[in-house]
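Reproduced below: target34.txt, with compact mmCIF, C-alpha atoms.
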# COMPACT_ATOMS: atom_id res chain seq x y z
CA MET A 18 144.43 121.92 81.00
CA MET A 19 144.12 119.62 84.04
CA THR A 20 143.28 122.65 86.17
CA SER A 21 140.30 123.52 83.98
CA ARG A 22 139.17 119.86 83.93
CA LYS A 23 139.12 119.90 87.72
CA GLU A 24 137.25 123.21 87.81
CA PHE A 25 134.56 121.92 85.45
CA LEU A 26 134.22 118.68 87.41
CA GLU A 27 133.93 120.65 90.66
CA ASP A 28 131.06 122.51 88.97
CA ALA A 29 129.52 119.18 87.86
CA LEU A 30 129.68 117.81 91.42
CA LYS A 31 127.94 120.92 92.79
CA LEU A 32 125.23 120.54 90.17
CA ALA A 33 124.86 116.84 91.02
CA GLU A 34 124.27 117.74 94.67
CA LYS A 35 121.05 119.51 93.66
CA GLY A 36 119.47 116.10 93.03
CA ARG A 37 120.00 114.90 96.62
CA GLY A 38 116.83 113.37 98.00
CA LEU A 39 115.12 113.25 94.60
CA VAL A 40 117.05 110.92 92.27
CA SER A 41 117.59 107.81 94.42
CA PRO A 42 118.12 104.96 93.73
CA ASN A 43 119.82 106.58 90.72
CA PRO A 44 123.13 108.37 91.30
CA MET A 45 123.44 112.15 91.70
CA VAL A 46 124.99 113.36 88.45
CA GLY A 47 125.95 116.78 87.13
CA ALA A 48 127.31 117.66 83.69
CA VAL A 49 129.13 120.62 82.17
CA ILE A 50 129.84 121.10 78.44
CA ALA A 51 132.73 123.42 77.66
CA SER A 52 134.90 124.53 74.78
CA GLY A 53 138.26 125.60 76.12
CA ARG A 54 137.35 127.52 79.26
CA ARG A 55 133.95 128.65 77.95
CA VAL A 56 130.91 126.89 79.42
CA LEU A 57 128.27 126.03 76.81
CA GLY A 58 125.78 124.03 78.86
CA ARG A 59 125.08 122.75 82.36
CA GLY A 60 122.65 120.17 83.70
CA TRP A 61 121.91 117.77 86.50
CA HIS A 62 119.64 114.80 87.12
CA LYS A 63 116.71 116.57 88.78
CA ALA A 64 114.51 113.65 89.92
CA PHE A 65 114.00 109.90 89.51
CA GLY A 66 112.58 109.22 86.04
CA MET A 67 113.54 112.64 84.64
CA PRO A 68 116.23 113.27 81.97
CA HIS A 69 119.81 112.62 83.00
CA ALA A 70 122.39 115.36 83.56
CA GLU A 71 124.09 114.85 80.18
CA ILE A 72 120.80 115.31 78.32
CA GLU A 73 120.01 118.52 80.23
CA ALA A 74 123.48 119.93 79.46
CA LEU A 75 123.22 118.97 75.78
CA ARG A 76 119.85 120.72 75.51
CA GLU A 77 121.33 123.92 76.88
CA ALA A 78 124.42 123.73 74.66
CA GLY A 79 122.47 122.92 71.49
CA GLY A 80 124.53 122.91 68.29
CA ARG A 81 127.49 124.48 70.13
CA ALA A 82 128.23 121.06 71.68
CA LYS A 83 129.88 119.90 68.44
CA GLY A 84 133.62 119.57 69.04
CA ALA A 85 133.28 120.43 72.75
CA THR A 86 134.14 118.47 75.91
CA LEU A 87 131.61 116.96 78.31
CA TYR A 88 132.58 116.90 82.00
CA VAL A 89 130.48 114.54 84.14
CA ASN A 90 130.99 112.94 87.55
CA MET A 91 129.85 109.47 86.45
CA GLU A 92 130.13 107.35 83.32
CA PRO A 93 127.23 108.07 80.91
CA CYS A 94 124.63 105.30 80.73
CA CYS A 95 124.28 103.11 77.64
CA HIS A 96 121.03 101.26 78.35
CA TYR A 97 117.32 101.95 78.31
CA GLY A 98 115.92 102.47 81.81
CA LYS A 99 113.46 105.16 82.87
CA THR A 100 115.02 107.26 80.08
CA PRO A 101 116.91 106.50 76.82
CA PRO A 102 120.71 105.95 76.96
CA CYS A 103 122.86 109.08 77.24
CA THR A 104 125.67 107.70 75.08
CA GLY A 105 123.54 107.87 71.93
CA ALA A 106 122.73 111.56 72.48
CA ILE A 107 126.39 112.35 73.25
CA ILE A 108 127.59 110.65 70.03
CA GLU A 109 124.92 112.38 67.96
CA SER A 110 125.78 115.82 69.40
CA GLY A 111 129.34 115.76 68.05
CA ILE A 112 131.02 115.91 71.48
CA LYS A 113 134.71 115.06 70.92
CA GLU A 114 135.86 114.33 74.48
CA VAL A 115 134.29 113.12 77.72
CA VAL A 116 135.97 113.56 81.11
CA CYS A 117 134.26 111.55 83.86
CA SER A 118 135.27 111.03 87.47
CA MET A 119 134.23 107.42 87.94
CA GLU A 120 132.84 104.40 86.16
CA ASP A 121 129.23 103.42 86.82
CA LEU A 122 129.28 100.21 88.90
CA ASN A 123 125.84 99.18 87.64
CA PRO A 124 126.43 95.94 85.67
CA LEU A 125 124.17 97.33 82.91
CA VAL A 126 126.79 100.06 82.35
CA SER A 127 130.12 99.29 84.11
CA GLY A 128 132.54 100.39 81.39
CA LYS A 129 130.16 99.70 78.51
CA GLY A 130 129.23 103.39 78.25
CA ILE A 131 132.90 104.38 77.98
CA ALA A 132 133.55 101.62 75.43
CA GLU A 133 130.66 102.77 73.26
CA LEU A 134 131.86 106.38 73.27
CA GLU A 135 135.43 105.35 72.40
CA LYS A 136 134.18 103.06 69.60
CA ASN A 137 132.56 106.13 68.06
CA GLY A 138 135.75 108.17 68.12
CA ILE A 139 135.15 110.09 71.37
CA LYS A 140 138.17 110.44 73.65
CA VAL A 141 137.32 109.44 77.23
CA ARG A 142 139.33 110.27 80.37
CA THR A 143 138.38 108.88 83.78
CA GLY A 144 139.52 109.25 87.38
CA VAL A 145 139.63 113.04 87.78
CA MET A 146 138.17 113.78 91.25
CA ARG A 147 137.26 110.10 91.66
CA GLU A 148 137.38 110.20 95.47
CA GLU A 149 134.97 113.15 95.67
CA ALA A 150 132.62 111.49 93.17
CA GLU A 151 132.59 108.20 95.08
CA ARG A 152 131.93 110.02 98.36
CA LEU A 153 129.00 111.92 96.84
CA ASN A 154 127.38 108.74 95.56
CA ALA A 155 128.23 106.38 98.43
CA PRO A 156 124.51 105.47 98.82
CA TYR A 157 124.25 104.55 95.12
CA ILE A 158 127.45 102.48 95.29
CA THR A 159 126.08 100.58 98.30
CA TYR A 160 122.71 100.02 96.59
CA ILE A 161 124.38 98.61 93.47
CA THR A 162 127.20 96.56 95.00
CA LYS A 163 125.52 95.24 98.18
CA LYS A 164 122.01 94.97 96.72
CA ARG A 165 120.43 96.72 99.68
CA PRO A 166 119.64 100.32 100.67
CA TYR A 167 122.33 102.53 102.15
CA ILE A 168 121.51 102.61 105.90
CA ALA A 169 121.89 105.60 108.23
CA LEU A 170 121.17 105.17 111.95
CA LYS A 171 119.89 108.33 113.64
CA TRP A 172 119.20 109.07 117.29
CA ALA A 173 119.02 111.88 119.85
CA GLN A 174 120.76 111.45 123.18
CA THR A 175 121.70 113.28 126.35
CA LEU A 176 125.31 114.16 127.19
CA ASP A 177 125.57 110.87 129.10
CA GLY A 178 124.30 108.87 126.12
CA LYS A 179 120.68 108.27 127.19
CA THR A 180 117.81 108.25 124.71
CA ALA A 181 114.92 107.94 127.19
CA ALA A 182 114.09 107.67 130.88
CA TYR A 183 113.29 104.20 132.23
CA THR A 184 109.58 105.01 131.76
CA GLY A 185 110.19 105.54 128.03
CA ASP A 186 109.77 109.34 128.22
CA SER A 187 112.11 111.11 125.77
CA LYS A 188 110.58 114.56 125.10
CA TRP A 189 112.49 116.67 124.51
CA ILE A 190 116.18 115.70 124.45
CA THR A 191 117.11 118.32 121.86
CA GLY A 192 115.86 121.80 120.99
CA GLU A 193 113.46 122.91 118.27
CA GLU A 194 116.25 124.08 115.93
CA THR A 195 117.74 120.57 116.02
CA ARG A 196 114.39 118.89 115.42
CA GLU A 197 113.77 121.08 112.36
CA PHE A 198 117.26 120.32 111.06
CA ALA A 199 116.62 116.57 111.47
CA LYS A 200 113.44 116.86 109.41
CA LYS A 201 115.44 118.47 106.61
CA ILE A 202 117.90 115.56 106.68
CA ARG A 203 114.94 113.21 106.21
CA PHE A 204 114.51 114.79 102.78
CA GLU A 205 117.72 112.99 101.72
CA MET A 206 116.07 109.62 102.37
CA ASP A 207 113.81 107.31 100.42
CA GLY A 208 112.47 105.90 103.67
CA ILE A 209 112.36 106.36 107.45
CA LEU A 210 112.28 103.09 109.43
CA VAL A 211 110.98 102.64 112.98
CA GLY A 212 109.70 99.84 115.16
CA VAL A 213 106.02 99.55 116.01
CA LYS A 214 106.70 100.50 119.66
CA THR A 215 107.83 103.96 118.51
CA VAL A 216 104.61 104.44 116.52
CA ILE A 217 102.41 103.39 119.46
CA LYS A 218 104.31 105.42 122.07
CA ASP A 219 105.09 108.62 120.15
CA ASN A 220 102.38 108.81 117.44
CA PRO A 221 105.00 110.35 115.08
CA PHE A 222 104.42 112.01 111.71
CA LEU A 223 107.86 110.94 110.34
CA ASP A 224 107.59 113.65 107.68
CA TYR A 225 110.40 115.69 106.12
CA ARG A 226 110.94 119.39 105.44
CA PHE A 227 111.99 120.71 102.03
CA PRO A 228 115.53 122.14 102.29
CA PRO A 229 115.76 125.87 101.47
CA PHE A 230 117.42 125.28 98.08
CA GLN A 231 114.62 123.00 96.84
CA THR A 232 112.19 125.53 95.41
CA GLN A 233 111.16 123.84 92.15
CA LYS A 234 108.02 122.11 93.40
CA SER A 235 107.32 120.71 89.91
CA PHE A 236 109.74 117.86 90.55
CA THR A 237 109.99 117.85 94.36
CA ALA A 238 106.27 117.00 94.42
CA GLY A 239 107.15 113.62 92.92
CA LYS A 240 109.62 112.70 95.67
CA ARG A 241 109.50 109.01 96.59
CA TYR A 242 109.20 108.61 100.38
CA TYR A 243 108.29 105.63 102.56
CA LYS A 244 107.50 105.42 106.26
CA ILE A 245 108.61 101.87 107.06
CA VAL A 246 107.26 100.24 110.22
CA LEU A 247 108.51 96.91 111.60
CA ASP A 248 105.25 95.44 112.88
CA PRO A 249 105.19 91.63 112.50
CA PHE A 250 101.80 91.17 114.19
CA LEU A 251 100.18 94.49 113.14
CA LYS A 252 99.80 96.08 116.55
CA MET A 253 99.87 99.66 115.28
CA PRO A 254 96.64 101.70 115.07
CA THR A 255 94.79 102.30 111.82
CA GLU A 256 94.52 105.99 112.77
CA GLY A 257 97.30 108.39 113.73
CA ASN A 258 99.78 111.00 112.55
CA ILE A 259 101.81 108.58 110.45
CA TRP A 260 98.92 108.27 107.96
CA GLN A 261 98.24 111.99 107.52
CA ASN A 262 100.58 112.80 104.62
CA ARG A 263 99.11 110.99 101.62
CA ASN A 264 102.08 111.90 99.43
CA SER A 265 104.17 109.33 101.32
CA ARG A 266 103.67 105.58 101.52
CA VAL A 267 103.34 103.72 104.83
CA LEU A 268 105.16 100.43 104.28
CA LEU A 269 104.27 97.82 106.89
CA ALA A 270 106.66 94.90 107.35
CA VAL A 271 104.49 92.06 108.68
CA SER A 272 104.68 88.32 109.31
CA GLU A 273 104.05 86.21 106.23
CA GLY A 274 101.66 84.14 108.35
CA LEU A 275 99.43 87.09 109.29
CA PRO A 276 95.74 86.39 108.50
CA ALA A 277 94.20 88.45 105.68
CA GLU A 278 91.41 89.70 107.95
CA ARG A 279 93.99 91.26 110.29
CA MET A 280 95.47 93.21 107.34
CA GLU A 281 92.13 94.21 105.82
CA PRO A 282 91.54 97.44 107.85
CA PHE A 283 94.98 98.71 106.82
CA SER A 284 94.41 97.75 103.18
CA ARG A 285 91.63 100.35 103.05
CA ARG A 286 94.26 103.06 103.51
CA GLU A 287 95.21 104.35 100.06
CA ASN A 288 98.81 104.99 101.12
CA ALA A 289 99.39 101.60 102.82
CA GLU A 290 101.67 98.88 101.44
CA PHE A 291 102.84 95.57 102.87
CA ILE A 292 106.02 93.52 102.89
CA LYS A 293 105.52 89.96 104.12
CA LEU A 294 108.47 88.23 105.76
CA PRO A 295 109.11 85.13 107.87
CA VAL A 296 109.41 85.82 111.61
CA TYR A 297 111.96 84.14 113.88
CA ASN A 298 111.64 84.59 117.67
CA ASN A 299 109.20 87.48 117.04
CA ARG A 300 111.73 89.25 114.79
CA PHE A 301 112.51 89.68 111.12
CA ARG A 302 115.84 88.83 109.59
CA LEU A 303 116.98 92.31 108.68
CA LYS A 304 118.99 91.21 105.66
CA ALA A 305 115.84 89.65 104.18
CA LEU A 306 113.99 92.91 104.84
CA MET A 307 116.76 94.89 103.13
CA GLU A 308 116.48 92.62 100.07
CA LYS A 309 112.76 93.41 99.87
CA LEU A 310 113.44 97.16 100.13
CA HIS A 311 116.05 96.85 97.37
CA GLU A 312 113.45 95.15 95.16
CA LYS A 313 111.19 98.19 95.70
CA GLU A 314 114.04 100.46 94.49
CA ILE A 315 114.47 102.05 97.92
CA GLY A 316 118.05 103.29 97.79
CA ILE A 317 118.66 104.99 101.15
CA ILE A 318 116.90 104.71 104.52
CA MET A 319 117.23 106.29 107.93
CA VAL A 320 116.60 104.08 110.97
CA GLU A 321 115.17 106.29 113.72
CA GLY A 322 114.64 103.70 116.42
CA GLY A 323 113.82 103.14 119.16
CA SER A 324 116.70 101.53 121.01
CA GLU A 325 115.67 97.93 120.23
CA THR A 326 115.47 98.62 116.48
CA LEU A 327 118.71 100.63 116.39
CA THR A 328 120.52 97.91 118.33
CA SER A 329 119.34 95.16 115.98
CA PHE A 330 120.78 97.03 112.98
CA TRP A 331 124.01 97.84 114.81
CA GLU A 332 124.60 94.25 115.92
CA GLU A 333 124.19 93.02 112.33
CA LYS A 334 126.60 95.77 111.16
CA LEU A 335 123.85 97.19 108.97
CA ALA A 336 124.95 100.80 109.42
CA ASP A 337 126.74 102.69 106.68
CA GLU A 338 126.45 105.98 108.55
CA ILE A 339 125.34 107.34 111.91
CA MET A 340 123.73 110.69 112.73
CA VAL A 341 123.79 111.59 116.42
CA PHE A 342 122.13 114.64 117.98
CA THR A 343 123.36 115.33 121.53
CA GLY A 344 121.33 117.64 123.77
CA ASN A 345 122.69 119.71 126.65
CA LYS A 346 121.21 117.49 129.39
CA ILE A 347 122.40 114.71 131.67
CA LEU A 348 119.76 112.15 132.64
CA GLY A 349 121.62 109.52 134.66
CA GLY A 350 120.12 106.31 135.99
CA LYS A 351 120.99 102.66 135.43
CA ARG A 352 117.58 101.88 133.98
CA SER A 353 117.57 104.75 131.49
CA PHE A 354 117.71 103.65 127.85
CA ALA A 355 120.87 103.85 125.76
CA SER A 356 120.75 104.29 121.99
CA ILE A 357 122.76 101.13 121.28
CA ALA A 358 122.16 98.41 123.87
CA GLY A 359 122.59 94.68 123.23
CA ARG A 360 125.28 92.50 124.75
CA ASP A 361 127.87 93.92 127.15
CA SER A 362 131.41 94.31 125.84
CA SER A 363 134.17 92.73 127.91
CA SER A 364 136.91 95.03 126.65
CA PHE A 365 137.16 98.57 125.33
CA SER A 366 139.02 97.13 122.34
CA GLU A 367 135.59 95.98 121.09
CA ALA A 368 134.48 99.60 120.64
CA VAL A 369 133.70 100.67 117.07
CA SER A 370 135.49 103.80 115.85
CA VAL A 371 133.57 106.41 113.87
CA GLU A 372 135.10 108.39 111.01
CA TYR A 373 133.49 111.83 111.25
CA SER A 374 132.23 113.48 108.08
CA GLU A 375 130.34 116.41 109.64
CA THR A 376 130.04 118.14 113.01
CA LYS A 377 127.76 121.08 113.72
CA ILE A 378 126.49 123.16 116.65
CA LEU A 379 122.70 123.59 116.56
CA GLY A 380 121.64 126.00 119.29
CA GLU A 381 122.52 124.19 122.53
CA ASP A 382 122.93 120.82 120.77
CA VAL A 383 125.73 119.03 118.91
CA PHE A 384 125.30 117.10 115.65
CA ILE A 385 127.79 114.44 114.56
CA ARG A 386 127.63 112.52 111.31
CA GLY A 387 130.07 109.77 110.45
CA LYS A 388 130.90 106.30 109.19
CA PRO A 389 131.22 103.41 111.67
CA CYS A 390 134.39 101.39 111.07
CA PHE A 391 133.22 97.85 111.80
CA ARG A 392 135.80 95.08 111.95
CA GLU A 393 135.28 92.37 109.37
Represent the structure contained in this file as structure tokens.
Amino acid sequence: MMTSRKEFLEDALKLAEKGRGLVSPNPMVGAVIASGRRVLGRGWHKAFGMPHAEIEALREAGGRAKGATLYVNMEPCCHYGKTPPCTGAIIESGIKEVVCSMEDLNPLVSGKGIAELEKNGIKVRTGVMREEAERLNAPYITYITKKRPYIALKWAQTLDGKTAAYTGDSKWITGEETREFAKKIRFEMDGILVGVKTVIKDNPFLDYRFPPFQTQKSFTAGKRYYKIVLDPFLKMPTEGNIWQNRNSRVLLAVSEGLPAERMEPFSRRENAEFIKLPVYNNRFRLKALMEKLHEKEIGIIMVEGGSETLTSFWEEKLADEIMVFTGNKILGGKRSFASIAGRDSSSFSEAVSVEYSETKILGEDVFIRGKPCFRE
């Protein structure tokens, strides 16, 4: 029987993956309802604010759910949020057993969903494929437990680790195939964060591409996406590529002491929003910024630079993941920019190891994704 439980949970995890980029800050959840080895219903959480995976699976199973087993990669919710609690629907359906991979760490749930099911005579088993479930929802776990977005640092570099010439020129380090791939990764994010110097120098769009599997535009059209610019004194232009896509919000982090008249031209932009923060030595305290993003329910961000912005996150150990694209060029030069600058290390023992999760060849370029192992 354990073999079939694992098979159904593998199916649930694959279904959950379909919500990547659309459900945050909620977790990615998939559900399978089965009787014996026969599947009666499948579902996944399709987008933020839409029905949860369990509800979708119950709808498909209908009356056949009575006496069946529900397989789900996360504990069913038991509170009213954007949607009603799933536990009530599960109890009402006549489901007799629930097999879930992990408990929901949200304090509003955190074992309460399991307790409610058991109180109503439903057998609950947990822990099957826990490691895989936790890896899938690492951003959600970070958002809940650390009360900040999950942070990925992303940069392109030459083979000798340079991100730009000393003049600031950086086009193009990688090929077109890599740049298109990077835009598809942006789809996974709730927000892309850059410093104002990047906006002024590069006039970027910072838009994403829909991945090939996302064809149901009815819910992808509602994707939540922020272009976050660190601009304490509002030096960025009121015109430019960053403003073109009105389906995304441009979130400007500015000094709390900025005069209202300086902000007024930007306020006319229908897709502009502001976060006001104290400024120390012309910089924000990044942890305070992350708290503000958490309050806005921004669950996962990608920091795209430039070097000064990337370095500030790295030095504060605000990096849950890195994504590095290495082109087939060597730039050289002492004054060329490195991706991570900051203070000089006195010993190689200070280097931070990276636990790889993905490596890929993209044309002439190399992509590496991994988790930095900072020392506490």
- request: Choose the residue, out of A:Leu306, A:Val369, A:Met91, A:Ala199, that has the smallest atom-to-atom separation from Met340 in chain A; count all atoms listed in the file.
  value: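 Comparing A:Leu306, A:Val369, A:Met91, A:Ala199 against Met340 in chain A, the winner is A:Ala199.
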message: Using only C-alpha atoms, which protein or nucleic acid residues come within 7 Å of range 69-84 of chain A? Drop anything in the same chain fewer than 5 positions from it, and give the result as JSON, numbers by chain.
response: {"A": [46, 47, 48, 49, 50, 57, 58, 59, 60, 61, 62, 103, 110, 111, 112, 113]}
Could you turn the residues from that selection into a file that holds C-alpha atoms, as a short mmCIF file (atom, residue, chain, number, x, y, z; two decimals), in the coordinates of the input?
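Okay, this is what ended up in result-v1.cif:
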data_model
loop_
_atom_site.label_atom_id
_atom_site.label_comp_id
_atom_site.auth_asym_id
_atom_site.auth_seq_id
_atom_site.Cartn_x
_atom_site.Cartn_y
_atom_site.Cartn_z
CA VAL A 46 124.99 113.36 88.45
CA GLY A 47 125.95 116.78 87.13
CA ALA A 48 127.31 117.66 83.69
CA VAL A 49 129.13 120.62 82.17
CA ILE A 50 129.84 121.10 78.44
CA LEU A 57 128.27 126.03 76.81
CA GLY A 58 125.78 124.03 78.86
CA ARG A 59 125.08 122.75 82.36
CA GLY A 60 122.65 120.17 83.70
CA TRP A 61 121.91 117.77 86.50
CA HIS A 62 119.64 114.80 87.12
CA CYS A 103 122.86 109.08 77.24
CA SER A 110 125.78 115.82 69.40
CA GLY A 111 129.34 115.76 68.05
CA ILE A 112 131.02 115.91 71.48
CA LYS A 113 134.71 115.06 70.92
#
task: Report the distance between CA of Ala181 in chain A and CA of Ile347 in chain A in Å, rounded to one decimal place.
output: 11.0 Å
- prompt: Could you work out how far CA of Glu290 in chain A lies from CA of Thr328 in chain A, giving the answer in Å with one decimal?
  reply: 25.3 Å
task: Figure out the distance between CA of Glu312 in chain A and CA of Arg392 in chain A, please, to one decimal in Å.
output: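 Spanning CA of Arg392 in chain A to CA of Glu312 in chain A is a straight-line distance of 28.0 Å.
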- request: For each of A:Lys252, A:Lys304, A:Arg266, A:Lys188, take the minimum atom-to-atom distance to Thr175 in chain A, counting all atoms listed in the file, then give the residue where this is smallest.
  value: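 Comparing A:Lys252, A:Lys304, A:Arg266, A:Lys188 against Thr175 in chain A, the winner is A:Lys188.
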Completed range 253-271 of chain A (N, CA and C atoms) as a PDB file, keeping the file's coordinate frame:
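Wrote it out as selection.pdb, contents follow:
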ATOM      1  N   MET A 253     100.013  98.210 115.382  1.00  0.00           N
ATOM      2  CA  MET A 253      99.870  99.660 115.280  1.00  0.00           C
ATOM      3  C   MET A 253      98.425 100.048 114.970  1.00  0.00           C
ATOM      4  N   PRO A 254      98.028 101.268 115.313  1.00  0.00           N
ATOM      5  CA  PRO A 254      96.640 101.700 115.070  1.00  0.00           C
ATOM      6  C   PRO A 254      96.404 102.037 113.597  1.00  0.00           C
ATOM      7  N   THR A 255      95.158 101.934 113.192  1.00  0.00           N
ATOM      8  CA  THR A 255      94.790 102.300 111.820  1.00  0.00           C
ATOM      9  C   THR A 255      94.590 103.804 111.679  1.00  0.00           C
ATOM     10  N   GLU A 256      94.595 104.528 112.787  1.00  0.00           N
ATOM     11  CA  GLU A 256      94.520 105.990 112.770  1.00  0.00           C
ATOM     12  C   GLU A 256      95.773 106.542 113.432  1.00  0.00           C
ATOM     13  N   GLY A 257      96.135 107.775 113.100  1.00  0.00           N
ATOM     14  CA  GLY A 257      97.300 108.390 113.730  1.00  0.00           C
ATOM     15  C   GLY A 257      98.041 109.297 112.775  1.00  0.00           C
ATOM     16  N   ASN A 258      99.041 109.997 113.320  1.00  0.00           N
ATOM     17  CA  ASN A 258      99.780 111.000 112.550  1.00  0.00           C
ATOM     18  C   ASN A 258     100.529 110.414 111.357  1.00  0.00           C
ATOM     19  N   ILE A 259     100.986 109.192 111.491  1.00  0.00           N
ATOM     20  CA  ILE A 259     101.810 108.580 110.450  1.00  0.00           C
ATOM     21  C   ILE A 259     101.060 108.471 109.107  1.00  0.00           C
ATOM     22  N   TRP A 260      99.729 108.435 109.166  1.00  0.00           N
ATOM     23  CA  TRP A 260      98.920 108.270 107.960  1.00  0.00           C
ATOM     24  C   TRP A 260      98.544 109.585 107.300  1.00  0.00           C
ATOM     25  N   GLN A 261      98.815 110.721 107.959  1.00  0.00           N
ATOM     26  CA  GLN A 261      98.240 111.990 107.520  1.00  0.00           C
ATOM     27  C   GLN A 261      98.724 112.458 106.157  1.00  0.00           C
ATOM     28  N   ASN A 262     100.022 112.315 105.887  1.00  0.00           N
ATOM     29  CA  ASN A 262     100.580 112.800 104.620  1.00  0.00           C
ATOM     30  C   ASN A 262     100.381 111.753 103.531  1.00  0.00           C
ATOM     31  N   ARG A 263      99.432 111.990 102.639  1.00  0.00           N
ATOM     32  CA  ARG A 263      99.110 110.990 101.620  1.00  0.00           C
ATOM     33  C   ARG A 263     100.105 110.967 100.464  1.00  0.00           C
ATOM     34  N   ASN A 264     101.045 111.908 100.460  1.00  0.00           N
ATOM     35  CA  ASN A 264     102.080 111.900  99.430  1.00  0.00           C
ATOM     36  C   ASN A 264     103.194 110.903  99.748  1.00  0.00           C
ATOM     37  N   SER A 265     103.186 110.344 100.947  1.00  0.00           N
ATOM     38  CA  SER A 265     104.170 109.330 101.320  1.00  0.00           C
ATOM     39  C   SER A 265     103.470 108.000 101.542  1.00  0.00           C
ATOM     40  N   ARG A 266     104.209 106.917 101.328  1.00  0.00           N
ATOM     41  CA  ARG A 266     103.670 105.580 101.520  1.00  0.00           C
ATOM     42  C   ARG A 266     104.018 105.084 102.917  1.00  0.00           C
ATOM     43  N   VAL A 267     103.076 104.377 103.552  1.00  0.00           N
ATOM     44  CA  VAL A 267     103.340 103.720 104.830  1.00  0.00           C
ATOM     45  C   VAL A 267     103.543 102.235 104.512  1.00  0.00           C
ATOM     46  N   LEU A 268     104.775 101.787 104.662  1.00  0.00           N
ATOM     47  CA  LEU A 268     105.160 100.430 104.280  1.00  0.00           C
ATOM     48  C   LEU A 268     105.260  99.576 105.544  1.00  0.00           C
ATOM     49  N   LEU A 269     104.347  98.640 105.691  1.00  0.00           N
ATOM     50  CA  LEU A 269     104.270  97.820 106.890  1.00  0.00           C
ATOM     51  C   LEU A 269     104.945  96.477 106.646  1.00  0.00           C
ATOM     52  N   ALA A 270     105.998  96.200 107.412  1.00  0.00           N
ATOM     53  CA  ALA A 270     106.660  94.900 107.350  1.00  0.00           C
ATOM     54  C   ALA A 270     105.974  93.981 108.345  1.00  0.00           C
ATOM     55  N   VAL A 271     105.313  92.933 107.833  1.00  0.00           N
ATOM     56  CA  VAL A 271     104.490  92.060 108.680  1.00  0.00           C
ATOM     57  C   VAL A 271     104.879  90.600 108.471  1.00  0.00           C
TER      58      VAL A 271
END
